[in-house]
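Have a look at the structure below before the remarks.
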Amino acid sequence: MIVAQLAAADLRSSWRVWCGLFAVCAVAAVAGSVPGTLVVGGLQTPDVRGLAMLSIAGTTAAFALIAVLVVVSAVVRLTAALLVRTYGLWQLAGVTPRGVRWTMLLQTALVSTTGAVAGAAAAAVVVPPAVSAALLDSNGLADVRVAASWVEAIVVVVVTAGAAVVAGAPGSRRAAATSPSAVLRNAPVGRRSVAVRATVVVLLVALAGSMLAGLPASVPDGAAPALLIGPVLVAAVAVLGRTVGAPAVRLWTALVPASTSVAFGLARAAVRWSASRSDTTLAALLVAVGLPTGLVGGQRTAASAVGADVPGGAGATVLVLSGPVLLAAIGAAATAAMAARDRARERDQLKAVGASPGLPVGVAALEGLVLGITGTLVAAAVVGVAVTAEWAVLVGGHPGARPVFPVVLLGAVGVFSTALVVVSSVLPALPARRRRVPVRA
């Protein structure tokens, strides 16, 4: 009972922090409903058309799974980090570490399940007609119509909420094990185990290497591994997090002179500091930009090996990419907004030293811009490595192969994701309207 009361009270007082997890889980449920709807439709569709739908569903599920695991876990980690001071105060008030741990897990389960249910409800209305429209230009699937399924919705909700709870388990253990006095002194809390990161990265790189080695032999059958090599490498770099993000921020921002503007100098310092402590926004941006460009770049590079056009219609490609890209972009915006909860205090501090009212807003906008550019640059580098490696293993047996870098797609998704992050960073920095109290004569 006490755990439930604590969870409910903190959800009310810290609702702005928990809104990020709610929004991300809602979008994750929508993204997960796309492959779920395709699976249900494929099982109900006879002959080879059903197999084709299941094949598309498998590819879509792979991309959605990468996005869900990276983005949802990043948001859960950030939520735990932002509330660690609250959990420290609870321990000072007499709550046991076990109570802290279970309260956080209960909060994560409640918020993620509520968000997933809301997303699944919206997906039941939006996803089936969207999937049917996307299949119109696919060979043999133009007349296929799909419908929502309660079974599919329940599975999506369970998987989404389960991913959030599993991702929240390490954070709850750290919150319970952190000394309250260390939290109140703003001492750094524990980071995710380096060994765990290294193990996951090695496994992902080994998987990409295995698919790369088998790519030449798969060309006659459509070169399916080319679709996943780039995204798997993107996931590996996203797991590395601040190990890659912090140096990337320092590297390219060092090219901008310090005399450019005061706002940029402050924004650069803030992003450099935050990138060395948290990788949530950059990881989500990397997934948002890297997944679609990695897929399209690998697809077009493999198609060039046989001098053929890219197989499948544009609708199928949009079907595969739209959910994961939207989830990662919303996740990046949500983490940027969650991390900017101290904007009011920063605004007051700048005002106290004589800064103009527009400076805090400019700094916030430039912080979002620096994050967006960094994520786009890292994604471009990873996709460049993937496409070049695919071309290198193909050109020996297929001299006509050429590396294809989807620059236009990279720029479009990068601009879209950066715009969301900039807006999410600026909104908390805007001066709040103060209610005028009428003075009685």
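Residues are referred to by chain and number: the chain letter is A, B, ... according to the order shown in the structure tokens, the number counts from 1 in that chain, and ligands are numbered separately from 1 in the order shown.
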
| said: When you look at Pro247 of chain A with a cut-off of 9 Å (counting only C-alpha atoms), what residues show up, excluding the ones that are within fewer than 5 positions of it in the same chain? I need them as a list in words. | reply: Arg242, Trp252, Arg272, Ala275 and Ser276 of chain A

Export of prior selection with all heavy atoms as a compact mmCIF listing (two decimals), in the first residue's frame:
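As written to disk, result-v4.txt reads:
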# COMPACT_ATOMS: atom_id res chain seq x y z
N ARG A 242 27.70 7.63 -25.09
CA ARG A 242 28.57 8.78 -24.85
C ARG A 242 30.01 8.53 -25.29
O ARG A 242 30.76 9.48 -25.50
CB ARG A 242 28.54 9.15 -23.37
CG ARG A 242 29.10 8.11 -22.44
CD ARG A 242 29.06 8.56 -20.99
NE ARG A 242 27.70 8.66 -20.53
CZ ARG A 242 27.04 7.67 -19.96
NH1 ARG A 242 27.62 6.49 -19.80
NH2 ARG A 242 25.80 7.82 -19.55
N TRP A 252 33.31 18.49 -33.83
CA TRP A 252 32.81 19.40 -34.86
C TRP A 252 32.50 20.79 -34.30
O TRP A 252 32.62 21.79 -35.02
CB TRP A 252 31.58 18.80 -35.56
CG TRP A 252 30.26 19.00 -34.88
CD1 TRP A 252 29.63 18.11 -34.08
CD2 TRP A 252 29.41 20.14 -34.95
NE1 TRP A 252 28.43 18.62 -33.64
CE2 TRP A 252 28.26 19.87 -34.17
CE3 TRP A 252 29.47 21.36 -35.61
CZ2 TRP A 252 27.22 20.77 -34.01
CZ3 TRP A 252 28.44 22.27 -35.45
CH2 TRP A 252 27.33 21.97 -34.67
N ARG A 272 28.28 19.80 -24.58
CA ARG A 272 29.48 19.01 -24.29
C ARG A 272 29.39 18.38 -22.91
O ARG A 272 29.74 17.21 -22.72
CB ARG A 272 30.73 19.89 -24.39
CG ARG A 272 31.14 20.24 -25.82
CD ARG A 272 32.37 21.13 -25.81
NE ARG A 272 32.87 21.38 -27.16
CZ ARG A 272 33.93 22.13 -27.44
NH1 ARG A 272 34.60 22.71 -26.45
NH2 ARG A 272 34.32 22.31 -28.69
N ALA A 275 26.56 15.67 -22.98
CA ALA A 275 26.91 14.50 -23.79
C ALA A 275 27.90 13.59 -23.08
O ALA A 275 27.96 12.39 -23.35
CB ALA A 275 27.50 14.95 -25.13
N SER A 276 28.68 14.16 -22.16
CA SER A 276 29.63 13.34 -21.41
C SER A 276 28.97 12.59 -20.26
O SER A 276 29.58 11.69 -19.68
CB SER A 276 30.75 14.23 -20.86
OG SER A 276 30.24 15.14 -19.89

| task | Write down as JSON, numbers by chain the residues belonging to segment 96-272 of chain A that are assigned alpha helix (DSSP H) by DSSP computed on the backbone. | result | {"A": [97, 98, 99, 100, 101, 102, 103, 104, 105, 106, 107, 108, 109, 110, 111, 112, 113, 114, 115, 116, 117, 118, 119, 120, 121, 122, 123, 124, 125, 126, 127, 128, 129, 130, 131, 132, 133, 134, 150, 151, 152, 153, 154, 155, 156, 157, 158, 159, 160, 161, 162, 163, 164, 165, 166, 167, 168, 169, 170, 171, 172, 173, 174, 175, 176, 177, 180, 181, 182, 183, 184, 194, 195, 196, 197, 198, 199, 200, 201, 202, 203, 204, 205, 206, 207, 208, 209, 210, 211, 212, 213, 215, 216, 217, 218, 226, 227, 228, 229, 230, 231, 232, 233, 234, 235, 236, 237, 238, 239, 240, 242, 243, 244, 245, 246, 247, 248, 249, 250, 251, 252, 253, 262, 263, 264, 265, 266, 267, 268, 269, 270, 271, 272]}

| message | Neighbouring residues of Ala288 of chain A were defined as those with any atom within 10 Å, considering only C-alpha atoms; residues of the same chain fewer than 4 positions away were excluded. Please report them as a VMD selection string. | response | chain A and resid 67 71 234 282 to 284 292 to 293 321 to 322 324 to 332 375 to 376 379 410 413 to 414 416 to 417

| task | For segment 56-63 of chain A, please output as a PyMOL selection string all residues within 7 Å (counting only C-alpha atoms; exclusion window: fewer than 6 positions along the same chain). | result | chain A and resi 35+38-39+320+324

Could the residues in this selection be written to a file with N, CA, C and O atoms, as a CSV table (one decimal), in the first residue's frame?
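Result file follows (result34.csv):
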chain,number,residue,atom,x,y,z
A,35,PRO,N,4.0,-4.0,-37.9
A,35,PRO,CA,4.3,-5.4,-38.2
A,35,PRO,C,3.2,-6.4,-37.6
A,35,PRO,O,3.0,-7.4,-38.2
A,38,LEU,N,0.5,-6.6,-40.1
A,38,LEU,CA,0.9,-7.3,-41.3
A,38,LEU,C,1.0,-8.8,-41.0
A,38,LEU,O,0.6,-9.6,-41.9
A,39,VAL,N,1.4,-9.2,-39.8
A,39,VAL,CA,1.4,-10.6,-39.5
A,39,VAL,C,0.0,-11.2,-39.5
A,39,VAL,O,-0.3,-12.3,-40.0
A,320,VAL,N,8.0,0.1,-43.9
A,320,VAL,CA,9.0,-0.4,-43.0
A,320,VAL,C,9.6,0.6,-42.1
A,320,VAL,O,9.9,0.4,-41.0
A,324,PRO,N,9.5,3.2,-37.0
A,324,PRO,CA,10.8,3.3,-36.2
A,324,PRO,C,11.3,4.7,-36.3
A,324,PRO,O,11.8,5.2,-35.3

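Considering the residues A:Ala248, A:Leu377, A:Ala254, A:Leu136 and counting only C-alpha atoms, Gly290 of chain A has its shortest atom-to-atom contact with A:Leu377.
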
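Going from atom CA of Val249 of chain A to atom CA of Leu227 of chain A covers 28.5 Å.
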
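Residues within 12 Å of Ala246 of chain A, counting only C-alpha atoms and excluding same-chain residues fewer than 4 positions away, are A:Leu240, A:Gly241, A:Arg242, A:Arg250, A:Leu251, A:Trp252, A:Thr253, A:Arg268, A:Ala269, A:Ala270, A:Val271, A:Arg272, A:Trp273, A:Ser274, A:Ala275, A:Ser276, A:Arg277, A:Ser278, A:Asp279, A:Thr280, A:Thr281, A:Leu282, A:Ala283, A:Val370, A:Leu371, A:Thr374, A:Gly375, A:Val378.
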
| note | Pairwise distance, atom CA of Val219 of chain A with atom CA of Leu319 of chain A, equals 23.2 Å

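Among the candidate residues A:Ala429, A:Val155, A:Val196, A:Leu21, the one lying nearest to Gly358 of chain A is A:Ala429, with distances computed using only C-alpha atoms.
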
| Computed interatomic separation between atom CA of Glu390 of chain A and atom CA of Pro216 of chain A (Å) | 9.0 Å

| said: So, with only C-alpha atoms as the atoms that count, which of A:Gly20, A:Gly368, A:Pro129, A:Pro46 lies closest to Val34 of chain A? | reply: A:Pro129
